[in-house]
Amino acid sequence: MVDNDGHRLPHMGAGRHLAARALLGWLDDERSPRLCLVGGSSGSGKSHLLAWLYAATAGEATPPARRLHAFVPAGGLTLPGVVAELAAHLGVAAHTPRRLIAALALDPRRTVIAIADPDHAGGPGLPGEGARIVAELLDPLLELPHVRLLVECARADTRAAFTAVGAPATLNLDEPRWTHPGRFERWYAELTIGAAPTSPFGAEAAFPHPGLARLAARVDRSRLPAVPDGGAPAGLPERAQRIHRAWWATLPEDVRSAVAVLSGLDLPLSAPAWEQALTTLHPAADREWAAATIAHATRVLPAVFEGGDTWAMPAGPLAEFVRGQRPESADPDRPTRVHAALRHAADAGITDLAGLYDAGEERVSAILAHSVRIGDAAALAADPVVQALARPQTVAGALVATGQWAHPAQAAFRGAFGTLLGQPAPAARAALLAVHRLGRDDAAARTLVARSTSPGWRAEWARWGDGDSHRPDRWPGPVLAATAGRGGLAGRVLLADDTGVIRTVVGADGTIAGRVVAGFGPTPLRALASTYGGRVTTLNRWGGVDVLDAAYHGPRGALEAAFQRLVNTCGAALTVLCAHPLPAVGDADGGVWCHGSPPSVPGGEPPPRGVLSAPLHTGPVTALAAVRTGAEGEPPLLISGGRDGRVRMWSPGAEPATDALDARASPVTALACEQTTEGLLIAAAWADGLVRLRRPDDDTAVDLNLGAPVTGIAVSVQGYVVLGMATGVVGLRLEHPAF
């Protein structure tokens, strides 16, 4: 398929080119409603169409006006699961709808999001989860004028939850106008190639419904008592009934029993699991009969995905028809019996927790999923090791279903959830969860560490905002800025909260050590820096620079004068500062300014001291640090981060390095560097939560993401790295690389 601009697009089958072009037109037209709803009956290809659009428009080569930025299949997910998936796609760190919306509000660029199948979101006991996802997340997103939503939903209650856009665009895939008849016929002919005997139905019987066509192609003409009479042209519901009756008539009685087994189950089953379900509901059957029956059933019932290996009976016309033919399939106890048997099969041979922990991701995830459906998942879902072993979305769904998601005891999983989704290895998830358990449940943290692999760093301590009520000093507040203490404050880390209160903790273990008190009282701050002798320099929200004596008792005036000269020289608003080993500031226009001497020319006159500057970023400078890397007398190295996502290095007096040290599609939120006892250490953090630790001397580079933006970093001479966030403070160390 080729679009109007000549770009080749992924193949679109079933004649859905007209629907695909309609969605591309919606993307292209800025005048179109910011909400587009895709509807149609079960099996009409709604999710497939959205997935195709994402594959066609998510690449870097796609023009910005046609870009689809995120695609989340919401079927089976809960609200927290959709938030986490969406945040991961959009490159922001957020685990609640409010924080996700706030993060997107900061970036006014056009953002197009597709959500598939919220009609089937949630699970047992959560029938309205799709409408909740719309009301608490998707509809509020539409309050942002730069956000456009493409949502697949057919249920009235899900659609009714949208209120922000009064007249959304709609596309109903049951309407023939969105499908090309000739291409649908050719696609249907491919389905029947090699089928023997031939189906009695032509493409027109199922047009324009791909799911119905896949079923019609499996109808065995030789088993029909009479060829179905096409009669006069009928609507899609009548033609669907005709195909369902003919298909059912060709099935042997035992295969009908197998198909009816799927009714009411809300999890797709593999062939072995389907066989287990059949023998559970028909205990007199022998294994050989069950295996043969399921083998036959897999040939006559299309898989969930074409060419896939799982089968289900989703709500819709076919499910209603099967229930009408087999009323016993509507028995509400049948799904519970099946899931209990499937759980028993998954945990066969497991006699204790040790056996469970060694069972592997697939088995643990299956045990947890089936336990949810028999109402016996509360203890499993809350187990820290199970949370690391099972698939994160399965754990999240279990916590929501058992009413534990918002419980204080699950703050560790909530905080780590978004990052867990990007960790395919259970051992890596265990390492991340161990950090979030540290300071909350140290015993659980130790257990998780024992089951983790080394991520290249080691957490030493943590303090979290949901702390222990018996220890009111455990939380130093949301961290807006951080710096390592010097002089009389050496060994401490200074943390400024959102009111401007500056607290100190011991870098090695996080012990609360006191406060740095300003004579004029707390003032909301933008930046914080320590300097020689134990002084502290602050930049307040209004651009004012103050120098606090803190642990300093020497002469005053020189540092204050240096910063005053920087303030007077810089023409733009100040955004960040650093104070050691030289005074420097960054501004809103991307410039970095420092007070010091440029390098001297051998044999020449010493250059005068003064203000030096360099344009390093596009947009505001958001983080700044300095370090002395050479011999005494050589200029220090300034390292800056910007809203443009780049980390730059500059030696004052020389031209800035052409290439950025790092460049990512997310604003830099914090930066620190220090000449530690193990060499130079550079730490940078971005708004999507990623932190990169570099030790250039041995080429160490380690990435970590704790699930929240790091807004303050301190690096001590001893090599401790302290990360401050809105939700907690973590102290860690880089581990030595293994050779």
# chains A, B, ... in the order shown; residues from 1 in each chain; ligands from 1
$ residues_around --residues "region 363-377 of chain A" --least-positions-apart "2" --cutoff "9 Å" --atoms "only C-alpha atoms" --output "PyMOL selection string"
chain A and resi 123-124+266-267+335-347+356-361+379-382+386+389-391+394-395+397-399+401-402
$ write_last_selection --atoms "N, CA and C atoms" --output "CSV table (one decimal), in the first residue's frame"
chain,number,residue,atom,x,y,z
A,123,GLY,N,-11.1,-7.0,34.2
A,123,GLY,CA,-11.1,-8.4,34.4
A,123,GLY,C,-12.3,-8.8,35.4
A,124,PRO,N,-12.2,-9.9,36.1
A,124,PRO,CA,-13.2,-10.3,37.0
A,124,PRO,C,-13.5,-9.2,38.1
A,266,ASP,N,-12.4,-15.4,30.3
A,266,ASP,CA,-11.9,-14.1,29.9
A,266,ASP,C,-10.4,-14.2,29.6
A,267,LEU,N,-9.8,-15.3,29.4
A,267,LEU,CA,-8.4,-15.5,29.0
A,267,LEU,C,-8.3,-16.4,27.8
A,335,PRO,N,-16.6,-21.2,34.5
A,335,PRO,CA,-15.3,-20.5,34.4
A,335,PRO,C,-14.5,-20.7,35.7
A,336,THR,N,-15.1,-20.7,36.9
A,336,THR,CA,-14.4,-20.9,38.1
A,336,THR,C,-13.7,-22.3,38.2
A,337,ARG,N,-14.5,-23.3,37.8
A,337,ARG,CA,-14.0,-24.6,37.7
A,337,ARG,C,-12.8,-24.8,36.8
A,338,VAL,N,-13.0,-24.2,35.6
A,338,VAL,CA,-11.9,-24.3,34.6
A,338,VAL,C,-10.6,-23.6,35.1
A,339,HIS,N,-10.8,-22.4,35.6
A,339,HIS,CA,-9.6,-21.6,36.1
A,339,HIS,C,-8.9,-22.3,37.3
A,340,ALA,N,-9.8,-22.9,38.1
A,340,ALA,CA,-9.2,-23.7,39.3
A,340,ALA,C,-8.4,-24.9,38.8
A,341,ALA,N,-8.9,-25.5,37.7
A,341,ALA,CA,-8.1,-26.7,37.2
A,341,ALA,C,-6.8,-26.2,36.5
A,342,LEU,N,-6.9,-25.1,35.8
A,342,LEU,CA,-5.8,-24.6,35.1
A,342,LEU,C,-4.7,-24.1,36.0
A,343,ARG,N,-5.1,-23.5,37.2
A,343,ARG,CA,-4.2,-23.1,38.2
A,343,ARG,C,-3.5,-24.4,38.8
A,344,HIS,N,-4.3,-25.4,39.0
A,344,HIS,CA,-3.8,-26.6,39.6
A,344,HIS,C,-2.7,-27.2,38.7
A,345,ALA,N,-3.0,-27.2,37.4
A,345,ALA,CA,-2.1,-27.7,36.4
A,345,ALA,C,-0.8,-26.9,36.4
A,346,ALA,N,-0.9,-25.6,36.5
A,346,ALA,CA,0.3,-24.7,36.5
A,346,ALA,C,1.1,-24.9,37.7
A,347,ASP,N,0.5,-25.1,38.9
A,347,ASP,CA,1.3,-25.3,40.1
A,347,ASP,C,1.6,-26.7,40.5
A,356,LEU,N,7.6,-22.3,44.3
A,356,LEU,CA,6.9,-21.3,43.5
A,356,LEU,C,7.9,-20.4,42.9
A,357,TYR,N,8.9,-19.9,43.7
A,357,TYR,CA,9.9,-18.9,43.3
A,357,TYR,C,10.8,-19.5,42.2
A,358,ASP,N,10.9,-20.8,42.1
A,358,ASP,CA,11.7,-21.4,41.1
A,358,ASP,C,10.9,-21.9,39.8
A,359,ALA,N,9.7,-21.5,39.8
A,359,ALA,CA,8.8,-22.1,38.8
A,359,ALA,C,9.0,-21.4,37.4
A,360,GLY,N,9.5,-20.2,37.4
A,360,GLY,CA,9.7,-19.4,36.1
A,360,GLY,C,8.6,-18.5,35.8
A,361,GLU,N,8.8,-17.5,35.0
A,361,GLU,CA,7.9,-16.4,34.7
A,361,GLU,C,6.5,-16.9,34.2
A,379,ALA,N,-2.9,-13.0,48.5
A,379,ALA,CA,-1.6,-13.2,49.0
A,379,ALA,C,-0.5,-13.3,48.0
A,380,LEU,N,-0.8,-14.0,46.9
A,380,LEU,CA,0.1,-14.1,45.8
A,380,LEU,C,0.5,-12.7,45.2
A,381,ALA,N,-0.5,-11.9,44.9
A,381,ALA,CA,-0.3,-10.6,44.3
A,381,ALA,C,0.6,-9.7,45.2
A,382,ALA,N,0.5,-9.9,46.5
A,382,ALA,CA,1.2,-9.0,47.4
A,382,ALA,C,2.6,-9.5,47.7
A,386,VAL,N,6.9,-12.8,44.0
A,386,VAL,CA,6.0,-13.0,42.9
A,386,VAL,C,5.9,-11.8,42.0
A,389,LEU,N,8.7,-11.9,39.7
A,389,LEU,CA,8.8,-13.1,38.8
A,389,LEU,C,7.7,-13.0,37.7
A,390,ALA,N,6.5,-12.6,38.1
A,390,ALA,CA,5.4,-12.6,37.2
A,390,ALA,C,5.4,-11.4,36.2
A,391,ARG,N,4.7,-11.5,35.1
A,391,ARG,CA,4.7,-10.3,34.2
A,391,ARG,C,4.0,-9.1,34.9
A,394,THR,N,0.3,-8.5,34.7
A,394,THR,CA,-0.5,-9.5,35.4
A,394,THR,C,-0.5,-9.2,36.9
A,395,VAL,N,0.6,-8.7,37.5
A,395,VAL,CA,0.6,-8.3,38.9
A,395,VAL,C,-0.3,-7.1,39.1
A,397,GLY,N,-2.8,-6.1,37.4
A,397,GLY,CA,-4.2,-6.5,37.3
A,397,GLY,C,-4.7,-7.2,38.6
A,398,ALA,N,-3.8,-8.1,39.1
A,398,ALA,CA,-4.2,-8.8,40.3
A,398,ALA,C,-4.3,-7.9,41.5
A,399,LEU,N,-3.4,-6.9,41.6
A,399,LEU,CA,-3.5,-6.0,42.8
A,399,LEU,C,-4.8,-5.1,42.7
A,401,ALA,N,-7.6,-6.1,41.0
A,401,ALA,CA,-8.8,-7.0,41.2
A,401,ALA,C,-9.0,-7.4,42.7
A,402,THR,N,-7.9,-7.5,43.5
A,402,THR,CA,-8.0,-7.9,44.9
A,402,THR,C,-8.1,-6.6,45.8
$ residues_around --residues "Ala444 (chain A)" --least-positions-apart "2" --cutoff "12 Å" --atoms "only C-alpha atoms" --output "number ranges by chain"
A: 382-388, 409, 412, 430-431, 433-442, 446-451
$ select_by_dssp --residues "region 506-687 of chain A" --states "alpha helix (DSSP H)" --output "number ranges by chain"
A: 558-569
$ residues_around --residues "region 682-699 of chain A" --least-positions-apart "3" --cutoff "8 Å" --atoms "only C-alpha atoms" --output "JSON list (two decimals) with C-alpha atoms, in the first residue's frame"
[["chain", "number", "residue", "atom", "x", "y", "z"],
["A", 91, "GLY", "CA", 8.77, 8.93, 27.29],
["A", 92, "VAL", "CA", 7.51, 10.42, 30.54],
["A", 93, "ALA", "CA", 7.72, 9.12, 34.10],
["A", 641, "GLY", "CA", 22.19, 19.90, 30.68],
["A", 645, "GLY", "CA", 17.91, 16.86, 26.20],
["A", 647, "VAL", "CA", 24.52, 17.18, 28.04],
["A", 666, "SER", "CA", 13.74, 14.28, 26.98],
["A", 667, "PRO", "CA", 14.76, 17.34, 29.04],
["A", 668, "VAL", "CA", 17.69, 17.01, 31.42],
["A", 669, "THR", "CA", 16.44, 17.39, 35.00],
["A", 670, "ALA", "CA", 19.58, 17.03, 37.13],
["A", 671, "LEU", "CA", 23.34, 16.75, 36.81],
["A", 672, "ALA", "CA", 26.35, 16.23, 39.07],
["A", 673, "CYS", "CA", 30.02, 15.39, 38.67],
["A", 674, "GLU", "CA", 32.93, 14.81, 41.04],
["A", 679, "GLY", "CA", 38.04, 8.62, 39.26],
["A", 702, "VAL", "CA", 25.35, 2.45, 33.59],
["A", 703, "ASP", "CA", 21.69, 3.36, 33.05],
["A", 704, "LEU", "CA", 18.97, 3.05, 35.66],
["A", 705, "ASN", "CA", 15.40, 4.21, 35.98],
["A", 706, "LEU", "CA", 13.64, 4.22, 39.34],
["A", 707, "GLY", "CA", 10.26, 5.12, 37.88],
["A", 708, "ALA", "CA", 10.20, 8.85, 38.68],
["A", 709, "PRO", "CA", 12.09, 11.89, 37.37],
["A", 710, "VAL", "CA", 15.27, 12.55, 39.36],
["A", 711, "THR", "CA", 15.31, 16.26, 40.18],
["A", 713, "ILE", "CA", 21.77, 14.52, 42.17],
["A", 715, "VAL", "CA", 28.04, 12.85, 44.02],
["A", 734, "LEU", "CA", 28.57, 2.16, 41.06]]
$ residues_around --residues "region 203-213 of chain A" --least-positions-apart "3" --cutoff "8 Å" --atoms "only C-alpha atoms" --output "list in words"
Ala14, Ser42, Gly43, Ser44, Gly45, Leu173, Asp174, Glu175, Pro176, Thr179, Pro181, Phe184, Glu185, Tyr188, Ala189, Ala216, Ala217, Gly230, Leu236, Arg239, Ala240 and Ile243 of chain A
$ write_last_selection --atoms "C-alpha atoms" --output "mmCIF file, in the first residue's frame"
data_model
loop_
_atom_site.group_PDB
_atom_site.id
_atom_site.type_symbol
_atom_site.label_atom_id
_atom_site.label_comp_id
_atom_site.auth_asym_id
_atom_site.auth_seq_id
_atom_site.Cartn_x
_atom_site.Cartn_y
_atom_site.Cartn_z
ATOM 1 C CA ALA A 14 -9.232 -7.760 4.076
ATOM 2 C CA SER A 42 -16.567 -8.309 17.561
ATOM 3 C CA GLY A 43 -14.058 -9.569 15.001
ATOM 4 C CA SER A 44 -14.521 -6.651 12.609
ATOM 5 C CA GLY A 45 -10.810 -5.803 12.807
ATOM 6 C CA LEU A 173 -16.178 -1.047 10.387
ATOM 7 C CA ASP A 174 -19.483 -2.891 9.986
ATOM 8 C CA GLU A 175 -20.422 -0.314 7.315
ATOM 9 C CA PRO A 176 -19.526 -1.555 3.795
ATOM 10 C CA THR A 179 -14.021 -1.929 2.768
ATOM 11 C CA PRO A 181 -15.286 -5.288 -2.235
ATOM 12 C CA PHE A 184 -11.996 -8.237 0.246
ATOM 13 C CA GLU A 185 -12.949 -10.957 -2.263
ATOM 14 C CA TYR A 188 -11.153 -14.194 1.165
ATOM 15 C CA ALA A 189 -10.064 -16.358 -1.739
ATOM 16 C CA ALA A 216 -17.033 -18.823 6.897
ATOM 17 C CA ALA A 217 -13.856 -20.088 5.230
ATOM 18 C CA GLY A 230 -28.233 -17.188 0.088
ATOM 19 C CA LEU A 236 -24.773 -8.219 8.262
ATOM 20 C CA ARG A 239 -25.779 -13.094 7.198
ATOM 21 C CA ALA A 240 -23.770 -13.692 10.380
ATOM 22 C CA ILE A 243 -22.852 -18.497 8.706
#
$ select_by_dssp --residues "region 390-587 of chain A" --states "strand (DSSP E or B)" --output "PyMOL selection string"
chain A and resi 457-464+481-484+492-496+502-506+512-516+525-531+535-540+545-548+574-578+584-587
$ residues_around --residues "region 527-541 of chain A" --least-positions-apart "3" --cutoff "8 Å" --atoms "only C-alpha atoms" --output "PDB file with C-alpha atoms, in the first residue's frame"
ATOM      1  CA  LEU A 480      13.813  19.935  43.910  1.00  0.00           C
ATOM      2  CA  ALA A 481      17.605  20.279  44.081  1.00  0.00           C
ATOM      3  CA  ALA A 482      20.564  18.516  45.677  1.00  0.00           C
ATOM      4  CA  THR A 483      24.292  19.007  46.144  1.00  0.00           C
ATOM      5  CA  ALA A 484      27.173  17.293  47.934  1.00  0.00           C
ATOM      6  CA  GLY A 485      28.441  19.202  50.965  1.00  0.00           C
ATOM      7  CA  ARG A 486      32.017  20.477  51.249  1.00  0.00           C
ATOM      8  CA  GLY A 487      34.237  21.850  53.993  1.00  0.00           C
ATOM      9  CA  GLY A 488      32.357  21.674  57.258  1.00  0.00           C
ATOM     10  CA  LEU A 489      29.499  19.917  55.394  1.00  0.00           C
ATOM     11  CA  ALA A 490      31.710  17.220  53.853  1.00  0.00           C
ATOM     12  CA  ALA A 496      16.086  21.355  49.019  1.00  0.00           C
ATOM     13  CA  THR A 523      12.361  30.689  49.870  1.00  0.00           C
ATOM     14  CA  PRO A 524      11.293  28.474  46.939  1.00  0.00           C
ATOM     15  CA  GLY A 544      17.995  35.928  43.096  1.00  0.00           C
ATOM     16  CA  VAL A 545      21.335  34.451  44.211  1.00  0.00           C
ATOM     17  CA  ASP A 546      22.147  34.128  47.932  1.00  0.00           C
ATOM     18  CA  VAL A 547      25.248  32.821  49.658  1.00  0.00           C
ATOM     19  CA  LEU A 548      24.648  31.135  53.026  1.00  0.00           C
ATOM     20  CA  ASP A 549      27.501  30.670  55.479  1.00  0.00           C
ATOM     21  CA  ALA A 550      26.207  27.281  56.708  1.00  0.00           C
ATOM     22  CA  ALA A 551      29.383  25.694  58.162  1.00  0.00           C
ATOM     23  CA  TYR A 552      31.694  28.540  57.045  1.00  0.00           C
ATOM     24  CA  GLY A 554      35.963  32.743  57.154  1.00  0.00           C
ATOM     25  CA  THR A 575      17.886  29.018  35.659  1.00  0.00           C
ATOM     26  CA  VAL A 576      20.716  27.070  37.387  1.00  0.00           C
ATOM     27  CA  LEU A 577      24.051  27.605  39.118  1.00  0.00           C
ATOM     28  CA  CYS A 578      27.104  25.847  40.502  1.00  0.00           C
ATOM     29  CA  ALA A 579      29.761  27.169  42.906  1.00  0.00           C
ATOM     30  CA  HIS A 580      32.679  24.738  43.052  1.00  0.00           C
ATOM     31  CA  PRO A 581      35.362  24.832  41.753  1.00  0.00           C
TER      32      PRO A 581
END
$ closest_residue --among "A:His89, A:Arg628, A:Arg99, A:Arg66" --to "Ile115 (chain A)" --atoms "only C-alpha atoms"
A:His89
$ closest_residue --among "A:Gln393, A:Thr658, A:Thr250, A:Ser651" --to "Pro225 (chain A)" --atoms "only C-alpha atoms"
A:Thr250
$ residues_around --residues "region 497-502 of chain A" --least-positions-apart "2" --cutoff "7 Å" --atoms "only C-alpha atoms" --output "tab-separated table (two decimals) with N, CA and C atoms, in the first residue's frame"
chain	number	residue	atom	x	y	z
A	477	GLY	N	11.39	15.29	52.32
A	477	GLY	CA	10.52	16.11	51.50
A	477	GLY	C	10.78	15.93	50.02
A	478	PRO	N	9.83	16.34	49.15
A	478	PRO	CA	10.07	16.27	47.71
A	478	PRO	C	11.34	17.04	47.35
A	479	VAL	N	12.23	16.42	46.64
A	479	VAL	CA	13.53	17.03	46.35
A	479	VAL	C	13.45	17.81	45.04
A	480	LEU	N	13.74	19.11	45.10
A	480	LEU	CA	13.81	19.94	43.91
A	480	LEU	C	15.25	20.20	43.48
A	494	LEU	N	23.00	17.85	50.70
A	494	LEU	CA	22.00	18.88	50.95
A	494	LEU	C	20.84	18.69	49.99
A	495	LEU	N	19.62	18.67	50.53
A	495	LEU	CA	18.41	18.42	49.76
A	495	LEU	C	17.43	19.57	49.98
A	504	THR	N	19.87	18.23	55.45
A	504	THR	CA	21.09	17.48	55.16
A	504	THR	C	20.94	16.05	55.65
A	515	ARG	N	19.64	20.85	59.27
A	515	ARG	CA	19.17	21.77	58.25
A	515	ARG	C	20.21	22.86	58.02
A	516	VAL	N	20.13	23.46	56.85
A	516	VAL	CA	20.87	24.70	56.58
A	516	VAL	C	19.85	25.82	56.66
A	522	PRO	N	12.81	30.18	54.66
A	522	PRO	CA	12.79	29.39	53.42
A	522	PRO	C	12.20	30.18	52.25
A	523	THR	N	12.82	30.07	51.11
A	523	THR	CA	12.36	30.69	49.87
A	523	THR	C	12.37	29.62	48.78
A	524	PRO	N	11.30	29.49	48.00
A	524	PRO	CA	11.29	28.47	46.94
A	524	PRO	C	12.52	28.62	46.04
A	525	LEU	N	13.19	27.51	45.79
A	525	LEU	CA	14.47	27.53	45.08
A	525	LEU	C	14.38	26.87	43.71
$ residues_around --residues "Asp587 (chain A)" --least-positions-apart "3" --cutoff "9 Å" --atoms "only C-alpha atoms" --output "list of chain:residue names"
A:Cys570, A:Gly571, A:Ala572, A:Ala573, A:Leu574, A:Thr575, A:Val576, A:Gly590, A:Gly591, A:Val592, A:Trp593, A:Gly619, A:Pro620, A:Val621, A:Thr622
$ atom_distance --atom1 "CA of Pro424 (chain A)" --atom2 "CA of Leu90 (chain A)"
19.2 Å
$ atom_distance --atom1 "CA of Thr170 (chain A)" --atom2 "CA of Val38 (chain A)"
5.9 Å
$ atom_distance --atom1 "CA of Ile639 (chain A)" --atom2 "CA of Ala625 (chain A)"
5.3 Å
$ closest_residue --among "A:Ala584, A:Trp475, A:Trp247, A:Ala154" --to "Ala315 (chain A)" --atoms "only C-alpha atoms"
A:Ala154
